[in-house]
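Raw data.pdb, PDB, C-alpha atoms:
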ATOM      1  CA  MET U 164     -25.989 -41.080  11.304  1.00  0.00           C
ATOM      2  CA  GLU U 165     -24.030 -44.285  11.774  1.00  0.00           C
ATOM      3  CA  ASN U 166     -25.536 -47.176  13.690  1.00  0.00           C
ATOM      4  CA  PRO U 167     -23.022 -47.826  16.498  1.00  0.00           C
ATOM      5  CA  ALA U 168     -24.499 -51.265  17.140  1.00  0.00           C
ATOM      6  CA  GLY U 169     -23.836 -52.322  13.541  1.00  0.00           C
ATOM      7  CA  GLU U 170     -26.364 -53.896  11.245  1.00  0.00           C
ATOM      8  CA  ARG U 171     -28.938 -56.009  13.039  1.00  0.00           C
ATOM      9  CA  SER U 172     -31.495 -58.277  11.565  1.00  0.00           C
ATOM     10  CA  LEU U 173     -34.731 -57.899  13.422  1.00  0.00           C
ATOM     11  CA  PRO U 174     -36.842 -60.988  13.921  1.00  0.00           C
ATOM     12  CA  SER U 175     -40.359 -60.917  12.574  1.00  0.00           C
ATOM     13  CA  GLY U 176     -43.319 -61.473  14.841  1.00  0.00           C
ATOM     14  CA  ASN U 177     -43.584 -64.954  13.377  1.00  0.00           C
ATOM     15  CA  ASP U 178     -40.128 -65.974  14.667  1.00  0.00           C
ATOM     16  CA  LEU U 179     -41.286 -66.145  18.289  1.00  0.00           C
ATOM     17  CA  GLU U 180     -44.276 -67.694  19.942  1.00  0.00           C
ATOM     18  CA  THR U 181     -44.841 -64.764  22.323  1.00  0.00           C
ATOM     19  CA  PRO U 182     -42.280 -61.971  22.552  1.00  0.00           C
ATOM     20  CA  THR U 183     -41.316 -61.192  26.146  1.00  0.00           C
ATOM     21  CA  ALA U 184     -40.725 -57.830  27.785  1.00  0.00           C
ATOM     22  CA  ALA U 185     -36.994 -58.643  27.771  1.00  0.00           C
ATOM     23  CA  PHE U 186     -37.169 -59.168  24.003  1.00  0.00           C
ATOM     24  CA  PHE U 187     -38.745 -55.716  23.523  1.00  0.00           C
ATOM     25  CA  VAL U 188     -36.206 -54.110  25.863  1.00  0.00           C
ATOM     26  CA  LYS U 189     -33.389 -55.507  23.732  1.00  0.00           C
ATOM     27  CA  LEU U 190     -34.976 -53.777  20.726  1.00  0.00           C
ATOM     28  CA  LEU U 191     -34.892 -50.330  22.393  1.00  0.00           C
ATOM     29  CA  PRO U 192     -31.404 -49.318  21.143  1.00  0.00           C
ATOM     30  CA  THR U 193     -32.330 -50.283  17.582  1.00  0.00           C
ATOM     31  CA  LEU U 194     -35.707 -48.518  17.806  1.00  0.00           C
ATOM     32  CA  TYR U 195     -34.036 -45.441  19.287  1.00  0.00           C
ATOM     33  CA  TYR U 196     -31.545 -45.433  16.424  1.00  0.00           C
ATOM     34  CA  ALA U 197     -34.369 -45.820  13.888  1.00  0.00           C
ATOM     35  CA  VAL U 198     -36.399 -42.925  15.307  1.00  0.00           C
ATOM     36  CA  ASN U 199     -33.328 -40.691  15.445  1.00  0.00           C
ATOM     37  CA  ARG U 200     -32.497 -41.663  11.870  1.00  0.00           C
ATOM     38  CA  VAL U 201     -35.996 -40.660  10.739  1.00  0.00           C
ATOM     39  CA  LEU U 202     -35.673 -37.331  12.552  1.00  0.00           C
ATOM     40  CA  ASP U 203     -32.240 -36.714  11.032  1.00  0.00           C
ATOM     41  CA  ASP U 204     -33.573 -37.559   7.553  1.00  0.00           C
ATOM     42  CA  CYS U 205     -36.598 -35.292   8.011  1.00  0.00           C
ATOM     43  CA  TRP U 206     -34.743 -32.196   9.096  1.00  0.00           C
ATOM     44  CA  PRO U 207     -30.992 -32.483   8.545  1.00  0.00           C
ATOM     45  CA  ALA U 208     -30.467 -28.715   8.381  1.00  0.00           C
ATOM     46  CA  PHE U 209     -31.498 -27.951  11.975  1.00  0.00           C
ATOM     47  CA  SER U 210     -31.744 -29.486  15.436  1.00  0.00           C
ATOM     48  CA  LYS U 211     -34.314 -32.088  16.488  1.00  0.00           C
ATOM     49  CA  LYS U 212     -35.751 -29.576  18.945  1.00  0.00           C
ATOM     50  CA  VAL U 213     -36.361 -27.071  16.130  1.00  0.00           C
ATOM     51  CA  GLY U 214     -38.052 -29.826  14.121  1.00  0.00           C
ATOM     52  CA  VAL U 215     -40.248 -30.825  17.039  1.00  0.00           C
ATOM     53  CA  VAL U 216     -41.322 -27.200  17.564  1.00  0.00           C
ATOM     54  CA  LEU U 217     -42.096 -26.840  13.842  1.00  0.00           C
ATOM     55  CA  LEU U 218     -44.314 -29.934  14.049  1.00  0.00           C
ATOM     56  CA  ALA U 219     -45.970 -28.674  17.230  1.00  0.00           C
ATOM     57  CA  LEU U 220     -46.632 -25.241  15.705  1.00  0.00           C
ATOM     58  CA  ASP U 221     -47.997 -26.807  12.527  1.00  0.00           C
ATOM     59  CA  SER U 222     -50.396 -29.012  14.500  1.00  0.00           C
ATOM     60  CA  SER U 223     -51.308 -26.544  17.246  1.00  0.00           C
ATOM     61  CA  THR U 224     -54.983 -26.306  18.121  1.00  0.00           C
ATOM     62  CA  MET U 225     -54.593 -22.795  19.549  1.00  0.00           C
ATOM     63  CA  ALA U 226     -55.291 -19.980  17.125  1.00  0.00           C
ATOM     64  CA  ASP U 227     -55.736 -16.242  17.131  1.00  0.00           C
ATOM     65  CA  SER U 228     -56.373 -13.721  14.368  1.00  0.00           C
ATOM     66  CA  GLU U 229     -52.920 -14.526  12.906  1.00  0.00           C
ATOM     67  CA  GLY U 230     -53.437 -18.294  12.846  1.00  0.00           C
ATOM     68  CA  LYS U 231     -52.063 -21.248  14.829  1.00  0.00           C
ATOM     69  CA  TYR U 232     -49.622 -20.449  17.609  1.00  0.00           C
ATOM     70  CA  LEU U 233     -47.734 -21.712  20.655  1.00  0.00           C
ATOM     71  CA  THR U 234     -46.285 -19.816  23.592  1.00  0.00           C
ATOM     72  CA  VAL U 235     -42.850 -20.218  25.158  1.00  0.00           C
ATOM     73  CA  ALA U 236     -44.570 -21.967  28.086  1.00  0.00           C
ATOM     74  CA  GLU U 237     -46.040 -24.567  25.696  1.00  0.00           C
ATOM     75  CA  ILE U 238     -42.646 -25.078  24.062  1.00  0.00           C
ATOM     76  CA  ALA U 239     -41.091 -25.519  27.521  1.00  0.00           C
ATOM     77  CA  LYS U 240     -43.796 -28.072  28.395  1.00  0.00           C
ATOM     78  CA  LEU U 241     -43.112 -29.900  25.128  1.00  0.00           C
ATOM     79  CA  PHE U 242     -39.403 -30.081  25.964  1.00  0.00           C
ATOM     80  CA  LYS U 243     -40.087 -31.190  29.512  1.00  0.00           C
ATOM     81  CA  GLU U 244     -42.279 -34.038  28.209  1.00  0.00           C
ATOM     82  CA  GLY U 245     -40.234 -34.980  25.142  1.00  0.00           C
ATOM     83  CA  PHE U 246     -36.571 -34.363  25.916  1.00  0.00           C
ATOM     84  CA  VAL U 247     -34.304 -35.053  28.842  1.00  0.00           C
ATOM     85  CA  VAL U 248     -34.083 -31.600  30.341  1.00  0.00           C
ATOM     86  CA  SER U 249     -34.048 -30.674  33.995  1.00  0.00           C
ATOM     87  CA  GLU U 250     -36.716 -28.521  35.590  1.00  0.00           C
ATOM     88  CA  SER U 251     -34.118 -25.787  36.021  1.00  0.00           C
ATOM     89  CA  SER U 252     -33.043 -25.779  32.360  1.00  0.00           C
ATOM     90  CA  VAL U 253     -36.334 -26.280  30.507  1.00  0.00           C
ATOM     91  CA  LYS U 254     -37.089 -22.543  30.123  1.00  0.00           C
ATOM     92  CA  SER U 255     -33.538 -21.896  28.956  1.00  0.00           C
ATOM     93  CA  GLU U 256     -33.810 -24.709  26.363  1.00  0.00           C
ATOM     94  CA  ALA U 257     -37.125 -23.300  25.097  1.00  0.00           C
ATOM     95  CA  SER U 258     -35.577 -19.828  24.766  1.00  0.00           C
ATOM     96  CA  LYS U 259     -32.552 -21.198  22.893  1.00  0.00           C
ATOM     97  CA  VAL U 260     -34.765 -22.997  20.388  1.00  0.00           C
ATOM     98  CA  LYS U 261     -36.994 -19.941  20.018  1.00  0.00           C
ATOM     99  CA  ASN U 262     -33.877 -17.903  19.180  1.00  0.00           C
ATOM    100  CA  GLU U 263     -32.748 -20.579  16.708  1.00  0.00           C
ATOM    101  CA  LEU U 264     -36.202 -20.471  15.062  1.00  0.00           C
ATOM    102  CA  PHE U 265     -35.944 -16.658  14.805  1.00  0.00           C
ATOM    103  CA  ASP U 266     -32.458 -16.928  13.290  1.00  0.00           C
ATOM    104  CA  LEU U 267     -33.827 -19.349  10.676  1.00  0.00           C
ATOM    105  CA  ASP U 268     -36.724 -16.918  10.010  1.00  0.00           C
ATOM    106  CA  PHE U 269     -39.206 -19.713  10.821  1.00  0.00           C
ATOM    107  CA  ILE U 270     -41.233 -17.838  13.461  1.00  0.00           C
ATOM    108  CA  LYS U 271     -42.706 -14.468  14.316  1.00  0.00           C
ATOM    109  CA  ILE U 272     -44.505 -13.126  17.382  1.00  0.00           C
ATOM    110  CA  GLN U 273     -47.863 -11.568  16.527  1.00  0.00           C
ATOM    111  CA  GLY U 274     -51.510 -11.634  17.491  1.00  0.00           C
ATOM    112  CA  GLY U 275     -51.007 -11.647  21.229  1.00  0.00           C
ATOM    113  CA  ARG U 276     -48.442 -11.546  23.973  1.00  0.00           C
ATOM    114  CA  ASP U 277     -45.945 -14.352  23.401  1.00  0.00           C
ATOM    115  CA  HIS U 278     -47.948 -15.878  20.505  1.00  0.00           C
ATOM    116  CA  ILE U 279     -45.354 -17.643  18.361  1.00  0.00           C
ATOM    117  CA  HIS U 280     -46.487 -18.225  14.764  1.00  0.00           C
ATOM    118  CA  LEU U 281     -44.816 -19.820  11.780  1.00  0.00           C
ATOM    119  CA  THR U 282     -43.609 -17.482   9.046  1.00  0.00           C
ATOM    120  CA  PRO U 283     -44.129 -18.530   5.409  1.00  0.00           C
ATOM    121  CA  LYS U 284     -40.556 -19.896   5.485  1.00  0.00           C
ATOM    122  CA  GLY U 285     -41.387 -21.839   8.680  1.00  0.00           C
ATOM    123  CA  GLU U 286     -44.586 -23.179   7.123  1.00  0.00           C
ATOM    124  CA  ALA U 287     -42.602 -24.382   4.098  1.00  0.00           C
ATOM    125  CA  ALA U 288     -40.029 -26.078   6.353  1.00  0.00           C
ATOM    126  CA  ALA U 289     -42.808 -27.748   8.357  1.00  0.00           C
ATOM    127  CA  SER U 290     -44.461 -28.943   5.128  1.00  0.00           C
ATOM    128  CA  ARG U 291     -41.179 -30.452   3.853  1.00  0.00           C
ATOM    129  CA  LEU U 292     -40.574 -32.072   7.213  1.00  0.00           C
ATOM    130  CA  LEU U 293     -44.079 -33.593   7.270  1.00  0.00           C
ATOM    131  CA  ALA U 294     -43.774 -34.808   3.685  1.00  0.00           C
ATOM    132  CA  THR U 295     -40.454 -36.540   4.395  1.00  0.00           C
ATOM    133  CA  ALA U 296     -41.701 -38.119   7.623  1.00  0.00           C
ATOM    134  CA  THR U 297     -44.941 -39.210   5.947  1.00  0.00           C
ATOM    135  CA  GLY U 298     -42.993 -40.878   3.149  1.00  0.00           C
ATOM    136  CA  ILE U 299     -40.826 -42.798   5.605  1.00  0.00           C
ATOM    137  CA  VAL U 300     -43.824 -43.932   7.668  1.00  0.00           C
ATOM    138  CA  GLN U 301     -45.782 -44.864   4.520  1.00  0.00           C
ATOM    139  CA  ASP U 302     -42.941 -47.173   3.456  1.00  0.00           C
ATOM    140  CA  THR U 303     -43.348 -49.033   6.746  1.00  0.00           C
ATOM    141  CA  LEU U 304     -47.137 -49.086   6.635  1.00  0.00           C
ATOM    142  CA  LYS U 305     -47.112 -50.526   3.086  1.00  0.00           C
ATOM    143  CA  VAL U 306     -45.838 -53.847   4.438  1.00  0.00           C
ATOM    144  CA  LEU U 307     -48.471 -54.048   7.192  1.00  0.00           C
ATOM    145  CA  ASP U 308     -52.060 -55.081   6.689  1.00  0.00           C
ATOM    146  CA  PRO U 309     -54.763 -52.894   8.335  1.00  0.00           C
ATOM    147  CA  ALA U 310     -55.030 -55.196  11.368  1.00  0.00           C
ATOM    148  CA  GLU U 311     -51.265 -54.983  11.929  1.00  0.00           C
ATOM    149  CA  GLN U 312     -51.407 -51.196  11.569  1.00  0.00           C
ATOM    150  CA  ARG U 313     -54.115 -51.040  14.270  1.00  0.00           C
ATOM    151  CA  GLN U 314     -52.047 -53.319  16.529  1.00  0.00           C
ATOM    152  CA  LEU U 315     -48.998 -51.115  16.059  1.00  0.00           C
ATOM    153  CA  LEU U 316     -51.017 -48.004  16.896  1.00  0.00           C
ATOM    154  CA  ASN U 317     -52.574 -49.672  19.955  1.00  0.00           C
ATOM    155  CA  PHE U 318     -49.147 -50.760  21.169  1.00  0.00           C
ATOM    156  CA  ALA U 319     -47.711 -47.261  20.712  1.00  0.00           C
ATOM    157  CA  VAL U 320     -50.653 -45.606  22.506  1.00  0.00           C
ATOM    158  CA  ARG U 321     -50.502 -48.040  25.410  1.00  0.00           C
ATOM    159  CA  MET U 322     -46.746 -47.721  25.744  1.00  0.00           C
ATOM    160  CA  LEU U 323     -46.960 -43.925  25.764  1.00  0.00           C
ATOM    161  CA  GLU U 324     -49.754 -44.012  28.360  1.00  0.00           C
ATOM    162  CA  THR U 325     -47.696 -46.327  30.561  1.00  0.00           C
ATOM    163  CA  ILE U 326     -44.558 -44.217  30.249  1.00  0.00           C
ATOM    164  CA  LYS U 327     -46.457 -41.075  31.293  1.00  0.00           C
ATOM    165  CA  LYS U 328     -47.455 -42.679  34.613  1.00  0.00           C
ATOM    166  CA  PRO U 329     -45.221 -41.579  37.473  1.00  0.00           C
ATOM    167  CA  VAL U 330     -42.620 -44.142  38.430  1.00  0.00           C
ATOM    168  CA  ALA U 331     -42.593 -45.165  42.095  1.00  0.00           C
ATOM    169  CA  LYS U 332     -39.377 -44.410  43.926  1.00  0.00           C
ATOM    170  CA  GLU U 333     -37.259 -47.414  44.845  1.00  0.00           C
ATOM    171  CA  SER U 334     -37.747 -46.789  48.575  1.00  0.00           C
ATOM    172  CA  ASP U 335     -41.538 -46.678  48.080  1.00  0.00           C
ATOM    173  CA  SER U 336     -41.538 -50.053  46.336  1.00  0.00           C
ATOM    174  CA  ARG U 337     -39.298 -51.576  49.025  1.00  0.00           C
ATOM    175  CA  ASN U 338     -41.630 -50.296  51.734  1.00  0.00           C
ATOM    176  CA  SER U 339     -44.676 -51.787  50.014  1.00  0.00           C
ATOM    177  CA  ASP U 340     -42.815 -55.087  49.548  1.00  0.00           C
ATOM    178  CA  GLN U 341     -41.984 -55.163  53.232  1.00  0.00           C
ATOM    179  CA  ALA U 342     -45.589 -54.351  54.163  1.00  0.00           C
ATOM    180  CA  ASP U 343     -46.802 -57.274  52.038  1.00  0.00           C
ATOM    181  CA  VAL U 344     -44.457 -59.631  53.883  1.00  0.00           C
ATOM    182  CA  ALA U 345     -45.498 -58.535  57.375  1.00  0.00           C
TER     183      ALA U 345
END

Go ahead and express the file in the form of structure tokens.
Amino acid sequence: MENPAGERSLPSGNDLETPTAAFFVKLLPTLYYAVNRVLDDCWPAFSKKVGVVLLALDSSTMADSEGKYLTVAEIAKLFKEGFVVSESSVKSEASKVKNELFDLDFIKIQGGRDHIHLTPKGEAAASRLLATATGIVQDTLKVLDPAEQRQLLNFAVRMLETIKKPVAKESDSRNSDQADVA
């Protein structure tokens, strides 16, 4: 995957007194590229959506007599939360990826209605994916001391919590601005 923005040198945290929100916003294209690069390196043989479902199946907390599983509804929810898909297309996207997983012989349905489990081949793919991703993340963590690692985790958690909050519509914010003026 080629970086369309070209090579960029990222400033270290020591280069600025206090990074501003605008500074972080300018990093978004580079961060987006980096995350996509990691995903491409972790599972080059199949789509990002297949890789995300493999990870979700591998880490699922739901289990039946056959082991860990997800349902199509959970996959659809995962896509709705993690990918840009419309409400009208989310079920279709989940079905397409489920079919792709079947074609790759990564999943089977057993143990209950719509219980999607990893096959041995799917488990092996998930293990390779996790090993590759872990190696990439470990390379980054090696250069951070434990305090910096905790700060990075805290930042990521807080950013994800903030992003999950519903965004006010523009007309709502204009109305509240006008009410404050009156």

Can you build me a table of region 165-251 of chain U residues sitting at most 8 Å from region 272-275 of chain U, with the closest atom pair per residue and its distance in Å to one decimal, using all atoms listed in the file, sorted by chain and residue number, as CSV?
residue,atom,partner,partner_atom,distance
U:Asp227,CA,U:Gly274,CA,6.3
U:Ser228,CA,U:Gly274,CA,6.1
U:Glu229,CA,U:Gly274,CA,5.6

Report, in Å with one decimal, the straight-line distance from CA of Ile279 (chain U) to CA of Thr234 (chain U).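 We find that CA of Ile279 (chain U) and CA of Thr234 (chain U) lie 5.7 Å from each other.
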
Any chance you could work out the residue set of the PyMOL selection byres ((chain U and resi 282-299) around 7) here, as a compact mmCIF listing (two decimals) with C-alpha atoms, in the frame of the given file?
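As written to disk, part.txt reads:
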# COMPACT_ATOMS: atom_id res chain seq x y z
CA VAL U 201 -36.00 -40.66 10.74
CA CYS U 205 -36.60 -35.29 8.01
CA TRP U 206 -34.74 -32.20 9.10
CA LEU U 217 -42.10 -26.84 13.84
CA LEU U 218 -44.31 -29.93 14.05
CA ASP U 221 -48.00 -26.81 12.53
CA ASP U 268 -36.72 -16.92 10.01
CA PHE U 269 -39.21 -19.71 10.82
CA ILE U 270 -41.23 -17.84 13.46
CA LYS U 271 -42.71 -14.47 14.32
CA HIS U 280 -46.49 -18.23 14.76
CA LEU U 281 -44.82 -19.82 11.78
CA VAL U 300 -43.82 -43.93 7.67
CA GLN U 301 -45.78 -44.86 4.52
CA ASP U 302 -42.94 -47.17 3.46
CA THR U 303 -43.35 -49.03 6.75

Return the single residue from U:Arg276, U:Lys212, U:Lys261, U:Gly230 that is closest to Phe246 (chain U), with distances computed using all atoms listed in the file.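 Between U:Arg276, U:Lys212, U:Lys261, U:Gly230, the residue approaching Phe246 (chain U) most closely is U:Lys212.
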
Identify which of the residues U:Thr325, U:Ser258, U:Ser223, U:Thr193 lies closest to Ala239 (chain U), counting only C-alpha atoms when measuring atom-to-atom distances.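 Looking only at the distances to Ala239 (chain U), the closest residue turns out to be U:Ser258.
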
Using only C-alpha atoms, what residues lie at most 12 Å away from (-43.8, -19.3, 30.1) (file coordinates), given as a PyMOL selection string? chain U and resi 233-241+253-258+276-279

For CA of Leu220 (chain U) and CA of Tyr232 (chain U), quote the distance in Å rounded to one decimal. 6.0 Å

Please determine an axis-aligned box that encloses all atoms of region 196-201 of chain U listed in the file, with 6 Å added on each side, and express its centre and edge lengths in Å to one decimal as JSON.
{"center_x": -34.0, "center_y": -43.2, "center_z": 13.6, "size_x": 16.9, "size_y": 17.2, "size_z": 17.7}

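Comparing U:Phe187, U:Tyr195, U:Phe242, U:Phe318 by their smallest distance to Ala219 (chain U), the closest is U:Phe242 (using all atoms listed in the file).
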
Mind pulling up the distance from CA of Ala226 (chain U) to CA of Leu202 (chain U)?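 Between CA of Leu202 (chain U) and CA of Ala226 (chain U) the gap works out to 26.6 Å.
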
Measuring between only C-alpha atoms, which one of U:Leu315, U:Leu194, U:Pro309, U:Val260 shows the shortest distance to Gly214 (chain U)? U:Val260
